[in-house]
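What follows is one structure encoded as structure tokens, with my remarks underneath.
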Amino acid sequence: MGQLGFYINQSLCTGCKACSVSCKDKNNLDVGINFRRVYTYENGSFMEQPGGGIVHNIKAFYYSISCNHCTNPKCLPSCPVGAIFKDKDNGVVTIDQEICQGTQLCVKACPYGAPQYNKKVFKSNKCNLCIDLQEKGEDPVCVATCPMRAIEFGPIDELRKKYGNVSQIKGMPSDTITNPNLVITPHKDARLSSS
Ligand code: SF4
Ligand code: SF4
Ligand code: SF4
């Protein structure tokens with residue numbers, strides 16, 4: 001199968017959060033725990049004109065992100081009890097809930113905020129790329145729910161062939177830290193100068 005990953009067409013995302021809510025529902029997550037998060041970036045301001053009236057230069061865009069099942073997952077070596085595994089066939093990174101001791105070192109190590117700590121059970125957990133659904137031939141819930149069809153998943157080589165190699169936009173950590181298995185079509189205001 002090869003390494004799996006996500007594709008996000010950020011230029012289509014309306015920030016509706018259906019992906020995040022459906023993921024919460026599927027994984028039965030408490031308030032404040034989100035395996036998929038939708039961020040809003042805004043800058044600019046309203047300006048009064050000398051002759052009256054108001055103009056603005058506000059730019060806003062949304063970004064949906066979960067775990068990127070990285071090639072160099074910083075979460076994995078940070079775990080002192082060996083609870084984090086990267087599947088050798090599909091590259092999916094998972095946290096074994098039986099082994100996790102809730103040290104939260106993975107939470108601190110991940111530059112993307114993917115592992116989420118659950119205070120009720122003293123354990124961390126995160127997106128597993130809905131591998132249980134994939135094994136039944138179904139799509140991950142976030143992919144199936146997005147009304148804009150802004151999220152895709154699949155072998156990362158194929159996604160890169162179709163959509164290119166951008167895996168970092170304004171406001172995101174450097175993609176050289178973990179080599180995320182993620183391809184992004186950036187919103188026009190979110191592009192780094194090199195992308
Ligand atoms: S996004 Fe974070 S939690 Fe997911 S594999 Fe990469 S480093 Fe680990
Ligand atoms: S693949 Fe599944 S677990 Fe991961 S963000 Fe999407 S719905 Fe949540
Ligand atoms: S469901 Fe789709 S459009 Fe809505 S926030 Fe998620 S990625 Fe964006």
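Simple scheme: letters A, B, ... for chains in structure tokens order, numbers from 1 for residues in each chain, numbers from 1 for ligands in the order shown.
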
Collect all residues with atoms no farther than 8 Å from ligand 1, counting only C-alpha atoms and all ligand atoms, and output them as a list in words. Ser66, Cys67, Asn68, His69, Cys70, Thr71, Asn72, Pro73, Lys74, Cys75, Leu76, Val92, Val93, Cys106, Val107, Ala109, Cys110, Pro111, Tyr112, Gly113, Ala114, Pro115, Lys126, Cys127, Thr178, Asn179 and Pro180 of chain A

Let me see if you get this right: every residue at most 7 Å from ligand 3, counting only C-alpha atoms and all ligand atoms, written as a list in words.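 Going residue by residue within 7 Å of ligand 3, we get Leu12, Cys13, Thr14, Gly15, Cys16, Lys17, Ala18, Cys19, Ser20, Val38, Tyr62, Tyr63, Ser64, Cys142, Thr145, Cys146, Pro147, Met148, Arg149, Ala150 and Ile151 of chain A.
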
Write a file of the selected residues as a PDB file, in the first residue's frame, keeping N, CA and C atoms.
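Output file again_39.pdb is given in full below:
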ATOM      1  N   LEU A  12     -10.625  25.675  -1.170  1.00  0.00           N
ATOM      2  CA  LEU A  12     -12.057  25.352  -1.147  1.00  0.00           C
ATOM      3  C   LEU A  12     -12.671  25.429   0.246  1.00  0.00           C
ATOM      4  N   CYS A  13     -11.844  25.370   1.287  1.00  0.00           N
ATOM      5  CA  CYS A  13     -12.359  25.247   2.659  1.00  0.00           C
ATOM      6  C   CYS A  13     -13.095  26.513   3.089  1.00  0.00           C
ATOM      7  N   THR A  14     -14.324  26.317   3.592  1.00  0.00           N
ATOM      8  CA  THR A  14     -15.137  27.456   4.061  1.00  0.00           C
ATOM      9  C   THR A  14     -15.104  27.598   5.574  1.00  0.00           C
ATOM     10  N   GLY A  15     -14.353  26.737   6.248  1.00  0.00           N
ATOM     11  CA  GLY A  15     -14.266  26.822   7.710  1.00  0.00           C
ATOM     12  C   GLY A  15     -15.511  26.344   8.437  1.00  0.00           C
ATOM     13  N   CYS A  16     -16.309  25.499   7.794  1.00  0.00           N
ATOM     14  CA  CYS A  16     -17.583  25.078   8.401  1.00  0.00           C
ATOM     15  C   CYS A  16     -17.398  24.118   9.578  1.00  0.00           C
ATOM     16  N   LYS A  17     -16.246  23.463   9.677  1.00  0.00           N
ATOM     17  CA  LYS A  17     -15.895  22.541  10.773  1.00  0.00           C
ATOM     18  C   LYS A  17     -16.666  21.218  10.765  1.00  0.00           C
ATOM     19  N   ALA A  18     -17.338  20.908   9.683  1.00  0.00           N
ATOM     20  CA  ALA A  18     -18.037  19.612   9.607  1.00  0.00           C
ATOM     21  C   ALA A  18     -17.042  18.463   9.768  1.00  0.00           C
ATOM     22  N   CYS A  19     -15.837  18.618   9.230  1.00  0.00           N
ATOM     23  CA  CYS A  19     -14.815  17.571   9.332  1.00  0.00           C
ATOM     24  C   CYS A  19     -14.438  17.323  10.786  1.00  0.00           C
ATOM     25  N   SER A  20     -14.263  18.405  11.513  1.00  0.00           N
ATOM     26  CA  SER A  20     -13.859  18.314  12.911  1.00  0.00           C
ATOM     27  C   SER A  20     -14.969  17.709  13.776  1.00  0.00           C
ATOM     28  N   VAL A  38      -9.889  22.975  12.955  1.00  0.00           N
ATOM     29  CA  VAL A  38      -9.998  23.936  11.852  1.00  0.00           C
ATOM     30  C   VAL A  38      -9.588  25.304  12.393  1.00  0.00           C
ATOM     31  N   TYR A  62      -9.049  29.582   6.170  1.00  0.00           N
ATOM     32  CA  TYR A  62      -9.252  28.506   7.142  1.00  0.00           C
ATOM     33  C   TYR A  62      -8.319  27.355   6.818  1.00  0.00           C
ATOM     34  N   TYR A  63      -8.020  26.605   7.858  1.00  0.00           N
ATOM     35  CA  TYR A  63      -7.158  25.471   7.618  1.00  0.00           C
ATOM     36  C   TYR A  63      -7.537  24.293   8.508  1.00  0.00           C
ATOM     37  N   SER A  64      -7.834  23.169   7.896  1.00  0.00           N
ATOM     38  CA  SER A  64      -8.225  21.949   8.603  1.00  0.00           C
ATOM     39  C   SER A  64      -7.019  21.016   8.683  1.00  0.00           C
ATOM     40  N   CYS A 142     -13.849  12.333   8.166  1.00  0.00           N
ATOM     41  CA  CYS A 142     -13.642  13.754   7.825  1.00  0.00           C
ATOM     42  C   CYS A 142     -13.678  13.952   6.307  1.00  0.00           C
ATOM     43  N   THR A 145     -17.302  13.639   5.041  1.00  0.00           N
ATOM     44  CA  THR A 145     -18.241  14.660   5.531  1.00  0.00           C
ATOM     45  C   THR A 145     -18.059  16.025   4.884  1.00  0.00           C
ATOM     46  N   CYS A 146     -16.847  16.346   4.458  1.00  0.00           N
ATOM     47  CA  CYS A 146     -16.598  17.710   3.976  1.00  0.00           C
ATOM     48  C   CYS A 146     -17.523  18.066   2.801  1.00  0.00           C
ATOM     49  N   PRO A 147     -18.381  19.068   2.962  1.00  0.00           N
ATOM     50  CA  PRO A 147     -19.319  19.408   1.889  1.00  0.00           C
ATOM     51  C   PRO A 147     -18.631  20.015   0.675  1.00  0.00           C
ATOM     52  N   MET A 148     -17.407  20.509   0.848  1.00  0.00           N
ATOM     53  CA  MET A 148     -16.671  21.130  -0.251  1.00  0.00           C
ATOM     54  C   MET A 148     -15.732  20.143  -0.943  1.00  0.00           C
ATOM     55  N   ARG A 149     -15.701  18.887  -0.434  1.00  0.00           N
ATOM     56  CA  ARG A 149     -14.747  17.894  -0.950  1.00  0.00           C
ATOM     57  C   ARG A 149     -13.317  18.457  -0.921  1.00  0.00           C
ATOM     58  N   ALA A 150     -13.013  19.114   0.203  1.00  0.00           N
ATOM     59  CA  ALA A 150     -11.704  19.765   0.326  1.00  0.00           C
ATOM     60  C   ALA A 150     -10.630  18.833   0.873  1.00  0.00           C
ATOM     61  N   ILE A 151     -11.045  17.653   1.397  1.00  0.00           N
ATOM     62  CA  ILE A 151     -10.060  16.721   1.973  1.00  0.00           C
ATOM     63  C   ILE A 151     -10.070  15.419   1.178  1.00  0.00           C
TER      64      ILE A 151
END

Can I get the residues close to ligand 2 as an MDAnalysis selection string, where close means within 6 Å and we count only C-alpha atoms and all ligand atoms? chainID A and resid 23 35:36 66 127:130 140:142

DSSP on the backbone, strand (DSSP E or B) only: what residues of stretch 25-189 of chain A does that give? Format it as a PyMOL selection string. chain A and resi 37-43+46-48+54-56+59-65+84-86+93-95+116-118+123-125+151-155+182-185

Between A:Ser124, A:Asn34, A:Asn9, A:Gln3, single out the one closest to A:Cys100, counting only C-alpha atoms. A:Ser124

So which one's closest to A:Asn118, A:Val31, A:Ala190, A:Val21, A:Met1? Using only C-alpha atoms, please.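 Smallest distance to A:Asn118 is found for A:Val31.
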
Apply DSSP to the backbone of this structure and, from stretch 103-191 of chain A, keep only the residues in helix (DSSP H, G or I); write these as a list in words.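 Selecting the helix (DSSP H, G or I) positions of stretch 103-191 of chain A gives Leu105, Cys106, Val107, Lys108, Ala109, Ile131, Asp132, Leu133, Gln134, Glu135, Val141, Cys142, Val143, Ala144, Thr145, Ile156, Asp157, Glu158, Leu159, Arg160, Lys161, Lys162 and Tyr163 of chain A.
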
Would you save the residues from that selection as a compact mmCIF listing (two decimals), in the first residue's frame, using C-alpha atoms?
# COMPACT_ATOMS: atom_id res chain seq x y z
CA LEU A 105 5.50 14.17 26.05
CA CYS A 106 4.05 13.42 22.60
CA VAL A 107 1.70 16.39 23.00
CA LYS A 108 4.74 18.62 23.57
CA ALA A 109 6.84 16.99 20.82
CA ILE A 131 -7.82 2.91 9.49
CA ASP A 132 -10.71 0.81 10.86
CA LEU A 133 -13.02 2.31 8.21
CA GLN A 134 -10.40 2.02 5.47
CA GLU A 135 -10.09 -1.70 6.22
CA VAL A 141 -15.18 10.28 8.27
CA CYS A 142 -13.64 13.75 7.83
CA VAL A 143 -13.10 13.06 4.11
CA ALA A 144 -16.64 11.77 3.63
CA THR A 145 -18.24 14.66 5.53
CA ILE A 156 1.04 10.11 -0.54
CA ASP A 157 3.02 9.44 -3.72
CA GLU A 158 -0.21 9.54 -5.73
CA LEU A 159 -1.45 12.67 -3.95
CA ARG A 160 1.87 14.41 -4.65
CA LYS A 161 1.75 13.35 -8.30
CA LYS A 162 -1.76 14.83 -8.63
CA TYR A 163 -1.43 17.93 -6.47

From atom CA of A:Lys26 to atom CA of A:Tyr7 the spacing works out at 20.4 Å

As a list in words, please: the residues near A:Asp96 (cut-off 9 Å, only C-alpha atoms, same-chain neighbours under 3 positions excluded).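 Using only C-alpha atoms, the neighbours found are Gly82, Ala83, Ile84, Phe85, Ile99, Cys100 and Asn125 of chain A.
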
Suppose we keep C-alpha atoms; can you now write the selection as a tab-separated table (two decimals), in the first residue's frame?
chain	number	residue	atom	x	y	z
A	82	GLY	CA	6.92	2.99	23.63
A	83	ALA	CA	3.19	3.54	23.12
A	84	ILE	CA	3.50	5.14	19.67
A	85	PHE	CA	3.86	3.03	16.55
A	99	ILE	CA	0.40	1.24	26.78
A	100	CYS	CA	0.00	5.05	27.03
A	125	ASN	CA	-4.75	9.95	21.59

Kindly give the distance, in Å, that separates atom CA of A:Phe46 and atom CA of A:Ile58, rounded to a single decimal.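 Calculated distance between atom CA of A:Phe46 and atom CA of A:Ile58 is 7.4 Å.
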
If we count only C-alpha atoms and set the cut-off at 6 Å, which residues sit around stretch 167-174 of chain A, ignoring sequence neighbours fewer than 4 positions away in its own chain? Please answer as JSON, numbers by chain. {"A": [182, 183, 184, 190, 191, 192]}

At what distance in Å, to one decimal, does atom CA of A:Lys59 lie from atom CA of A:Met47?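 Atom-to-atom, atom CA of A:Met47 to atom CA of A:Lys59, that is 13.9 Å.
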